[in-house]
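> Attaching a single structure in structure tokens format; questions to follow.
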Amino acid sequence: MRADGGGVQLKKVASFWMIRHPHPSSPPSSAVPLRFVAGPSGPPAAVAMAEAAVVLQKKRALRSQIRRELKVFSPAQREQEDVAIQNLVLNSPWFKSSKGLCAYISCEALREVDTSKIVAEVKKKLYVPRVEDKNSHMRMLRISKIEDLVANSMDILEPSPVDADQNECEDVMLATQPIDLFLLPGLAFDRHGRRLGRGGGYYDVFLQKYEELANQQKWKQPLRVALAYPVQIVDGDLIPMTVTDVPVDAVVSADGVIPISPAALERM
């Protein structure tokens with residue numbers, strides 16, 4: 001919202017992709033629909049709080065729905081799709097050409113798409129997440145082998161600050177070379193690049209920080225690629241977005257790769 005001559009008017013100023021990724025040409029037809037952007041004065045506090053509450057409620061409802069669908073998703077079908085998705089990634093030109101990547105360590109309890117084969121077979125710089133606190137603070141630390149991972153309090157594997165050989169693990173934010181690829185988890189995605197996480201905000205905060213670092217260093221932005229089962233890919237505009245939510249460039253399912261952003265359409 002913007003204050004204009006004493007009145008408050010809503011103005012559609014740009015699509016989500018054009019806001020986060022300025023581009024001289026028009027956004028592709030798959031770009032995220034136009035959203036409202038607050039001006040310097042912002043909306044009245046009561047209106048902003050009401051809008052935030054609606055978005056939060058929609059996100060919670062969709063998370064509950066996807067979790068229910070994942071629970072009844074056949075383990076045999078999941079295993080079959082895990083193999084197909086990982087093979088698609090490992091055999092793709094955009095993965096093979098990458099020199100460094102950040103990838104999540106899949107958790108069976110969360111019913112995330114399996115990444116164990118990718119992590120075990122990758123022969124390039126690999127950084128994986130380590131949650132530092134409950135304030136959306138997460139680091140990506142480099143590992144060279146599975147033995148560098150330890151279970152945290154939630155029984156999720158993550159890197160120790162010191163690896164199995166007692167060497168300090170490199171933080172990707174302090175690395176001298178850029179990464180080319182993020183492999184991302186999430187609960188739901190759509191064909192416009194919207195991503196619904198689990199509510200902690202860890203990936204959104206980290207992805208924004210790395211985007212800023214890449215801009216400062218004049219590095220090419222890495223591709224943000226989500227891995228998903230069919231039940232996690234939703235139609236229409238079911239995933240609400242806020243200015244702090246970071247979109248993905250592409251989604252990979254057992255059915256194939258869905259390139260979304262201009263960068264993905266060019267590189268995948």
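Identifiers in this document derive from the order of the structure tokens: chains are assigned A, B, ..., residues are numbered from 1 separately in each chain, and ligands are numbered from 1 in order of occurrence.
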If we count only C-alpha atoms, what is near stretch 157-174 of chain A at a cut-off of 10 Å, once residues fewer than 4 positions away on the same chain are taken out, given as a ChimeraX atom specification?

/A:100-102,104-107,125-131,139-153,178-179,206,209-210,213-214

> Using C-alpha atoms, can you export the residues from the last selection as a short mmCIF file (atom, residue, chain, number, x, y, z; two decimals), in the first residue's frame?


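out06.cif, written as the output of this step:
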```
data_model
loop_
_atom_site.label_atom_id
_atom_site.label_comp_id
_atom_site.auth_asym_id
_atom_site.auth_seq_id
_atom_site.Cartn_x
_atom_site.Cartn_y
_atom_site.Cartn_z
CA GLY A 100 29.76 -26.81 -6.04
CA LEU A 101 26.36 -27.27 -4.47
CA CYS A 102 24.34 -27.00 -1.29
CA TYR A 104 19.79 -30.97 2.19
CA ILE A 105 20.22 -34.26 4.04
CA SER A 106 16.88 -36.02 3.72
CA CYS A 107 14.94 -37.07 6.81
CA LYS A 125 32.23 -29.36 -3.32
CA LEU A 126 29.23 -30.24 -1.18
CA TYR A 127 27.76 -28.10 1.59
CA VAL A 128 24.94 -29.32 3.82
CA PRO A 129 22.78 -27.52 6.43
CA ARG A 130 23.44 -27.16 10.12
CA VAL A 131 20.77 -25.46 12.28
CA ARG A 139 24.76 -22.54 8.11
CA MET A 140 25.88 -24.64 5.16
CA LEU A 141 29.10 -26.50 5.97
CA ARG A 142 31.28 -28.47 3.58
CA ILE A 143 31.60 -32.23 4.03
CA SER A 144 33.77 -34.73 2.19
CA LYS A 145 32.18 -37.97 3.39
CA ILE A 146 29.09 -39.27 5.16
CA GLU A 147 31.11 -39.80 8.35
CA ASP A 148 31.24 -36.02 8.73
CA LEU A 149 27.53 -36.06 9.65
CA VAL A 150 26.14 -36.49 13.17
CA ALA A 151 22.55 -36.75 14.44
CA ASN A 152 21.15 -33.65 16.16
CA SER A 153 18.57 -33.53 18.96
CA PRO A 178 30.62 -19.62 -5.63
CA ILE A 179 28.31 -22.60 -5.74
CA PHE A 206 19.76 -18.38 4.23
CA LYS A 209 21.84 -14.04 2.56
CA TYR A 210 23.53 -16.06 -0.14
CA LEU A 213 26.68 -12.44 -1.03
CA ALA A 214 26.62 -13.48 -4.70
#
```

> Could you find all residues in stretch 189-264 of chain A that DSSP calls strand (DSSP E or B) from the backbone, and write them as a list in words?

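Output for stretch 189-264 of chain A, strand (DSSP E or B) only: Phe189, Arg195, Leu196, Leu223, Arg224, Val225, Ala226, Leu227, Ile233, Ala250, Val251, Val252, Ser253, Gly256, Val257, Ile258 and Pro259 of chain A.
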
> Can you write out the residues you just picked, keeping N, CA, C and O atoms, as a short mmCIF file (atom, residue, chain, number, x, y, z; two decimals), in the first residue's frame?


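New file result_3.cif:
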```
data_model
loop_
_atom_site.label_atom_id
_atom_site.label_comp_id
_atom_site.auth_asym_id
_atom_site.auth_seq_id
_atom_site.Cartn_x
_atom_site.Cartn_y
_atom_site.Cartn_z
N PHE A 189 5.05 -26.99 -3.47
CA PHE A 189 5.58 -26.13 -4.52
C PHE A 189 4.51 -25.97 -5.59
O PHE A 189 3.57 -26.77 -5.67
N ARG A 195 7.32 -21.71 -3.00
CA ARG A 195 7.74 -22.80 -2.11
C ARG A 195 7.13 -22.58 -0.74
O ARG A 195 7.19 -21.49 -0.19
N LEU A 196 6.56 -23.66 -0.18
CA LEU A 196 6.05 -23.63 1.19
C LEU A 196 6.94 -24.51 2.04
O LEU A 196 7.02 -25.73 1.82
N LEU A 223 21.37 -21.94 -9.21
CA LEU A 223 20.01 -22.41 -9.45
C LEU A 223 19.42 -22.97 -8.17
O LEU A 223 20.07 -23.74 -7.46
N ARG A 224 18.18 -22.59 -7.87
CA ARG A 224 17.49 -23.12 -6.69
C ARG A 224 16.49 -24.17 -7.18
O ARG A 224 15.47 -23.84 -7.77
N VAL A 225 16.83 -25.44 -6.94
CA VAL A 225 16.05 -26.55 -7.48
C VAL A 225 15.42 -27.34 -6.34
O VAL A 225 16.12 -27.82 -5.44
N ALA A 226 14.10 -27.45 -6.35
CA ALA A 226 13.37 -28.19 -5.33
C ALA A 226 13.12 -29.62 -5.79
O ALA A 226 12.90 -29.88 -6.97
N LEU A 227 13.16 -30.57 -4.85
CA LEU A 227 12.84 -31.97 -5.12
C LEU A 227 11.49 -32.27 -4.48
O LEU A 227 11.27 -31.96 -3.31
N ILE A 233 3.23 -30.98 -5.37
CA ILE A 233 3.14 -29.97 -6.42
C ILE A 233 1.67 -29.60 -6.58
O ILE A 233 0.86 -30.40 -7.03
N ALA A 250 13.30 -24.08 -10.21
CA ALA A 250 12.80 -25.28 -10.88
C ALA A 250 12.37 -26.31 -9.84
O ALA A 250 12.78 -26.24 -8.68
N VAL A 251 11.53 -27.23 -10.28
CA VAL A 251 11.10 -28.34 -9.42
C VAL A 251 11.37 -29.64 -10.16
O VAL A 251 11.08 -29.76 -11.36
N VAL A 252 11.95 -30.62 -9.45
CA VAL A 252 12.22 -31.93 -10.03
C VAL A 252 11.33 -32.96 -9.34
O VAL A 252 11.36 -33.08 -8.11
N SER A 253 10.55 -33.68 -10.13
CA SER A 253 9.76 -34.80 -9.61
C SER A 253 10.09 -36.02 -10.46
O SER A 253 10.88 -35.94 -11.41
N GLY A 256 9.77 -35.56 -14.17
CA GLY A 256 10.71 -34.75 -14.93
C GLY A 256 11.02 -33.43 -14.26
O GLY A 256 10.66 -33.20 -13.10
N VAL A 257 11.69 -32.56 -15.00
CA VAL A 257 12.11 -31.25 -14.50
C VAL A 257 11.12 -30.19 -14.98
O VAL A 257 10.75 -30.14 -16.15
N ILE A 258 10.72 -29.33 -14.03
CA ILE A 258 9.85 -28.19 -14.37
C ILE A 258 10.68 -26.92 -14.23
O ILE A 258 10.85 -26.39 -13.12
N PRO A 259 11.25 -26.39 -15.31
CA PRO A 259 11.98 -25.12 -15.22
C PRO A 259 10.99 -23.97 -15.10
O PRO A 259 9.95 -23.98 -15.77
#
```

> Can you measure atom CA of A:Arg191 to atom CA of A:Ile260 for me? One decimal in Å is fine.

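Computed distance, atom CA of A:Arg191 to atom CA of A:Ile260, equals 6.8 Å.
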
> Could you tell me how far atom CA of A:Leu184 lies from atom CA of A:Lys123, in Å and to one decimal?

18.9 Å
